[in-house]
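Undergrad: One structure, as structure tokens, below. Some questions next.
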Amino acid sequence: MPAGQIDAASPRDRPAMATGGTGDARLTARALADLVAAIGSPAFPNALLDALRTLAGVELCSVFLRDRGEHVELIFAHGELPGVPGFPLRASHAYARSYWRSDRQLARLVQAPPGVPVVIRRRACDIADPAYRAVCYDRAGVAERVSILSPGRPCFAVNGYRTSGSSPFSAQDVEQLELHAGLLIAALRQHLRAEQACGPVGDETALAGRLATLDYGLSAREAEIVAALMLGETQEGIAAAKRLSATTVITYRRRAYGKLGVANRRDLMALHRRLMTAADPLSAARTRPRVAREKE
């Protein structure tokens, strides 16, 4: 689902919300106001997570887009779990790359006509595909997902997750999300319009998500490394930020270069420019440079 640190109280530490309480209404109003204020800024993912946490006690969130055809794009994933660093981003890349095909809820969403958002719960134990369940849920102890699904072209899925250490989502949690789903989806759409108006993708998470869903066959970690390199990070900086050894970063880079068909940083930046300016990133991905001997 880069994943950011949760800088507010954990849902486990937060008191349950009673419907109709003045204090709860004020918390909700403040969280939604912060979300609107964050539209078009890098703070939006954290503001969305905070709004979902306030409404329904979620611990992690992810947002996906599906427009048409066999392509799902990760918009962002946010949150962090102790002991499983980077899990939301890696799991979300894996989902966008292949496991979305095992998600029947998303398939029904694409087929549905445009309409009001719907809220659906799904338990990890109900997922039939064992590989999907292991990679996107069991690996970090994620027990349940609640999704706001917005049908149309494009369609959006805004997901919130709870781990096995938390209680299941309640009917009240779902009711709160249903009550505010329209506002949350409207804020997301406006945020994406504002980002698009600002120009090419300059966020590592979004860029890595785009790379992971194209036909290069990059792993989630390879996509992260390449995205960081495209955005000007050094190998040493990437190693420090992701808590990897320099040798490991080089290994991922070499694997990614081979899959991308680039030989050096200059070729990589040329590919970045093509991806950012192409109306259809998939067609840009199919136009690969000739591979010379790798230089770095």
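Naming scheme: A, B, ... for chains in displayed order of the structure tokens; residues 1 onward per chain; ligands 1 onward as shown.
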Quick one: everything within 7 Å of stretch 30-34 of chain A, counting only C-alpha atoms, minus sequence neighbours fewer than 6 positions away in the same chain. Send it as a PyMOL selection string.

TA: chain A and resi 47+50-51

Undergrad: Pick from A:Pro117, A:Gly261, A:Pro45, A:Gly237: nearest to A:Gly79, with only C-alpha atoms counted?

TA: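 Going through A:Pro117, A:Gly261, A:Pro45, A:Gly237 one by one, the smallest distance to A:Gly79 is for A:Pro45.
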
Undergrad: Rounded to one decimal in Å, what is the spacing between atom CA of A:Leu52 and atom CA of A:Cys155?

TA: 19.2 Å

Undergrad: Which is closest to A:Ser147 among A:Arg266, A:Val63, A:Pro168, A:Gly232, if we use only C-alpha atoms?

TA: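 So, comparing all the options, the nearest one is A:Val63.
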
Undergrad: Contacts of A:Glu233 at 12 Å or less, counting only C-alpha atoms, minus same-chain residues fewer than 4 places along, as number ranges by chain?

TA: A: 204, 224-229, 237-242, 249, 265

Undergrad: Could you jot down the atom CA of A:Phe64 to atom CA of A:Arg243 separation for me, Å, one decimal place?

TA: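 Atom-to-atom, atom CA of A:Phe64 and atom CA of A:Arg243 are spaced 26.8 Å apart.
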
Undergrad: Of the candidates A:Leu177, A:Val135, A:Val158, A:Ala194, which one gets nearest to A:Ser41 if we count only C-alpha atoms?

TA: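 Among A:Leu177, A:Val135, A:Val158, A:Ala194, it is A:Ala194 that comes nearest to A:Ser41.
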
Undergrad: Quick one: residues within 10 Å of A:Arg133, only C-alpha atoms counted, chain neighbours fewer than 3 positions away excluded, as a list in words?

TA: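 My list of contacting residues is Tyr99, Ser102, Arg123, Ala124, Cys125, Asp126, Ile127, Ala128, Asp129, Pro130, Cys136, Tyr137, Asp138, Arg139, Val142 and Ala143 of chain A.
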
Undergrad: Between atom CA of A:Leu65 and atom CA of A:Pro154, what is the distance in Å, rounded to a tenth?

TA: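 According to the coordinates, atom CA of A:Leu65 and atom CA of A:Pro154 are separated by 6.6 Å.
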
Undergrad: Between A:Arg273, A:Arg90, A:Arg121, A:Arg26, which one has atoms that come closest to A:His78, using only C-alpha atoms?

TA: A:Arg90

Undergrad: Taking 5 positions as the minimum chain separation for residues in the same chain, which residues sit within 8 Å of A:Leu211 when counting only C-alpha atoms? Answer as JSON, numbers by chain.

TA: {"A": [216, 218, 223, 227]}

Undergrad: Out of stretch 60-197 of chain A, which residues get strand (DSSP E or B) from DSSP, as an MDAnalysis selection string?

TA: chainID A and resid 60:66 73:78 118:123 142:150 155:163

Undergrad: For the selection you just gave me, I'd like the residues written to a file as a tab-separated table (two decimals), in the first residue's frame, keeping N, CA, C and O atoms.

TA:
chain	number	residue	atom	x	y	z
A	60	LEU	N	-5.09	0.86	8.25
A	60	LEU	CA	-4.38	1.08	7.00
A	60	LEU	C	-5.41	1.45	5.95
A	60	LEU	O	-6.59	1.12	6.08
A	61	CYS	N	-4.94	2.10	4.88
A	61	CYS	CA	-5.87	2.37	3.78
A	61	CYS	C	-5.15	2.24	2.45
A	61	CYS	O	-3.92	2.34	2.36
A	62	SER	N	-5.93	1.99	1.41
A	62	SER	CA	-5.41	1.97	0.04
A	62	SER	C	-6.50	2.48	-0.89
A	62	SER	O	-7.69	2.38	-0.58
A	63	VAL	N	-6.07	3.01	-2.03
A	63	VAL	CA	-7.01	3.52	-3.03
A	63	VAL	C	-6.58	3.01	-4.40
A	63	VAL	O	-5.41	3.14	-4.78
A	64	PHE	N	-7.54	2.41	-5.12
A	64	PHE	CA	-7.27	1.88	-6.45
A	64	PHE	C	-8.25	2.47	-7.45
A	64	PHE	O	-9.38	2.86	-7.10
A	65	LEU	N	-7.80	2.51	-8.70
A	65	LEU	CA	-8.62	2.99	-9.81
A	65	LEU	C	-8.63	1.93	-10.89
A	65	LEU	O	-7.60	1.32	-11.19
A	66	ARG	N	-9.79	1.69	-11.47
A	66	ARG	CA	-9.87	0.85	-12.66
A	66	ARG	C	-10.73	1.57	-13.68
A	66	ARG	O	-11.89	1.91	-13.42
A	73	GLU	N	-4.90	0.44	-11.25
A	73	GLU	CA	-3.81	1.33	-10.84
A	73	GLU	C	-3.90	1.65	-9.36
A	73	GLU	O	-4.98	2.00	-8.85
A	74	LEU	N	-2.79	1.51	-8.66
A	74	LEU	CA	-2.70	1.94	-7.27
A	74	LEU	C	-2.54	3.46	-7.24
A	74	LEU	O	-1.60	3.99	-7.81
A	75	ILE	N	-3.44	4.13	-6.56
A	75	ILE	CA	-3.33	5.58	-6.39
A	75	ILE	C	-2.40	5.87	-5.21
A	75	ILE	O	-1.44	6.62	-5.33
A	76	PHE	N	-2.68	5.29	-4.07
A	76	PHE	CA	-1.76	5.36	-2.94
A	76	PHE	C	-2.19	4.34	-1.89
A	76	PHE	O	-3.31	3.82	-1.91
A	77	ALA	N	-1.27	4.04	-1.01
A	77	ALA	CA	-1.54	3.21	0.18
A	77	ALA	C	-0.86	3.89	1.35
A	77	ALA	O	0.23	4.43	1.20
A	78	HIS	N	-1.50	3.85	2.50
A	78	HIS	CA	-0.96	4.63	3.62
A	78	HIS	C	-1.18	3.91	4.94
A	78	HIS	O	-2.16	3.17	5.11
A	118	VAL	N	-21.03	2.43	-2.65
A	118	VAL	CA	-21.53	1.40	-1.75
A	118	VAL	C	-20.39	0.98	-0.83
A	118	VAL	O	-19.21	1.07	-1.18
A	119	VAL	N	-20.75	0.51	0.35
A	119	VAL	CA	-19.77	0.07	1.35
A	119	VAL	C	-19.93	-1.43	1.56
A	119	VAL	O	-21.04	-1.91	1.82
A	120	ILE	N	-18.80	-2.17	1.43
A	120	ILE	CA	-18.84	-3.63	1.54
A	120	ILE	C	-17.71	-4.09	2.46
A	120	ILE	O	-16.59	-3.61	2.36
A	121	ARG	N	-18.03	-5.03	3.33
A	121	ARG	CA	-17.02	-5.65	4.20
A	121	ARG	C	-16.56	-6.97	3.60
A	121	ARG	O	-17.31	-7.66	2.93
A	122	ARG	N	-15.28	-7.30	3.89
A	122	ARG	CA	-14.77	-8.61	3.47
A	122	ARG	C	-13.74	-9.10	4.48
A	122	ARG	O	-12.80	-8.39	4.81
A	123	ARG	N	-13.94	-10.32	4.96
A	123	ARG	CA	-13.00	-10.93	5.90
A	123	ARG	C	-11.92	-11.68	5.13
A	123	ARG	O	-12.18	-12.28	4.09
A	142	VAL	N	-3.60	-8.97	8.74
A	142	VAL	CA	-4.79	-8.19	8.38
A	142	VAL	C	-5.99	-9.15	8.35
A	142	VAL	O	-5.95	-10.18	7.67
A	143	ALA	N	-7.02	-8.81	9.10
A	143	ALA	CA	-8.15	-9.73	9.26
A	143	ALA	C	-9.37	-9.33	8.45
A	143	ALA	O	-10.19	-10.19	8.12
A	144	GLU	N	-9.49	-8.05	8.13
A	144	GLU	CA	-10.74	-7.61	7.51
A	144	GLU	C	-10.52	-6.32	6.71
A	144	GLU	O	-9.66	-5.51	7.04
A	145	ARG	N	-11.32	-6.19	5.68
A	145	ARG	CA	-11.31	-4.99	4.84
A	145	ARG	C	-12.72	-4.44	4.75
A	145	ARG	O	-13.68	-5.19	4.65
A	146	VAL	N	-12.82	-3.12	4.76
A	146	VAL	CA	-14.08	-2.47	4.45
A	146	VAL	C	-13.81	-1.53	3.28
A	146	VAL	O	-12.83	-0.77	3.29
A	147	SER	N	-14.64	-1.60	2.24
A	147	SER	CA	-14.37	-0.87	1.00
A	147	SER	C	-15.52	0.06	0.66
A	147	SER	O	-16.69	-0.31	0.77
A	148	ILE	N	-15.15	1.27	0.25
A	148	ILE	CA	-16.10	2.18	-0.38
A	148	ILE	C	-15.88	2.03	-1.88
A	148	ILE	O	-14.81	2.39	-2.40
A	149	LEU	N	-16.86	1.49	-2.58
A	149	LEU	CA	-16.75	1.22	-4.01
A	149	LEU	C	-17.59	2.23	-4.76
A	149	LEU	O	-18.79	2.37	-4.52
A	150	SER	N	-16.95	2.93	-5.69
A	150	SER	CA	-17.64	3.96	-6.47
A	150	SER	C	-17.69	3.53	-7.93
A	150	SER	O	-16.68	3.61	-8.64
A	155	CYS	N	-13.77	3.77	-12.10
A	155	CYS	CA	-14.32	3.37	-10.82
A	155	CYS	C	-13.20	3.37	-9.79
A	155	CYS	O	-12.03	3.15	-10.11
A	156	PHE	N	-13.57	3.65	-8.55
A	156	PHE	CA	-12.60	3.75	-7.46
A	156	PHE	C	-12.95	2.77	-6.34
A	156	PHE	O	-14.13	2.49	-6.10
A	157	ALA	N	-11.92	2.28	-5.69
A	157	ALA	CA	-12.09	1.48	-4.48
A	157	ALA	C	-11.24	2.11	-3.39
A	157	ALA	O	-10.01	2.21	-3.53
A	158	VAL	N	-11.88	2.58	-2.33
A	158	VAL	CA	-11.20	3.13	-1.16
A	158	VAL	C	-11.32	2.09	-0.06
A	158	VAL	O	-12.43	1.79	0.39
A	159	ASN	N	-10.20	1.52	0.36
A	159	ASN	CA	-10.20	0.41	1.30
A	159	ASN	C	-9.62	0.81	2.65
A	159	ASN	O	-8.61	1.50	2.72
A	160	GLY	N	-10.24	0.31	3.70
A	160	GLY	CA	-9.71	0.43	5.04
A	160	GLY	C	-9.53	-0.96	5.63
A	160	GLY	O	-10.33	-1.87	5.35
A	161	TYR	N	-8.49	-1.16	6.45
A	161	TYR	CA	-8.15	-2.49	6.94
A	161	TYR	C	-7.99	-2.49	8.46
A	161	TYR	O	-7.55	-1.51	9.05
A	162	ARG	N	-8.34	-3.64	9.06
A	162	ARG	CA	-8.07	-3.89	10.47
A	162	ARG	C	-7.31	-5.20	10.60
A	162	ARG	O	-7.54	-6.15	9.85
A	163	THR	N	-6.43	-5.23	11.61
A	163	THR	CA	-5.66	-6.45	11.86
A	163	THR	C	-6.38	-7.32	12.90
A	163	THR	O	-7.38	-6.90	13.50
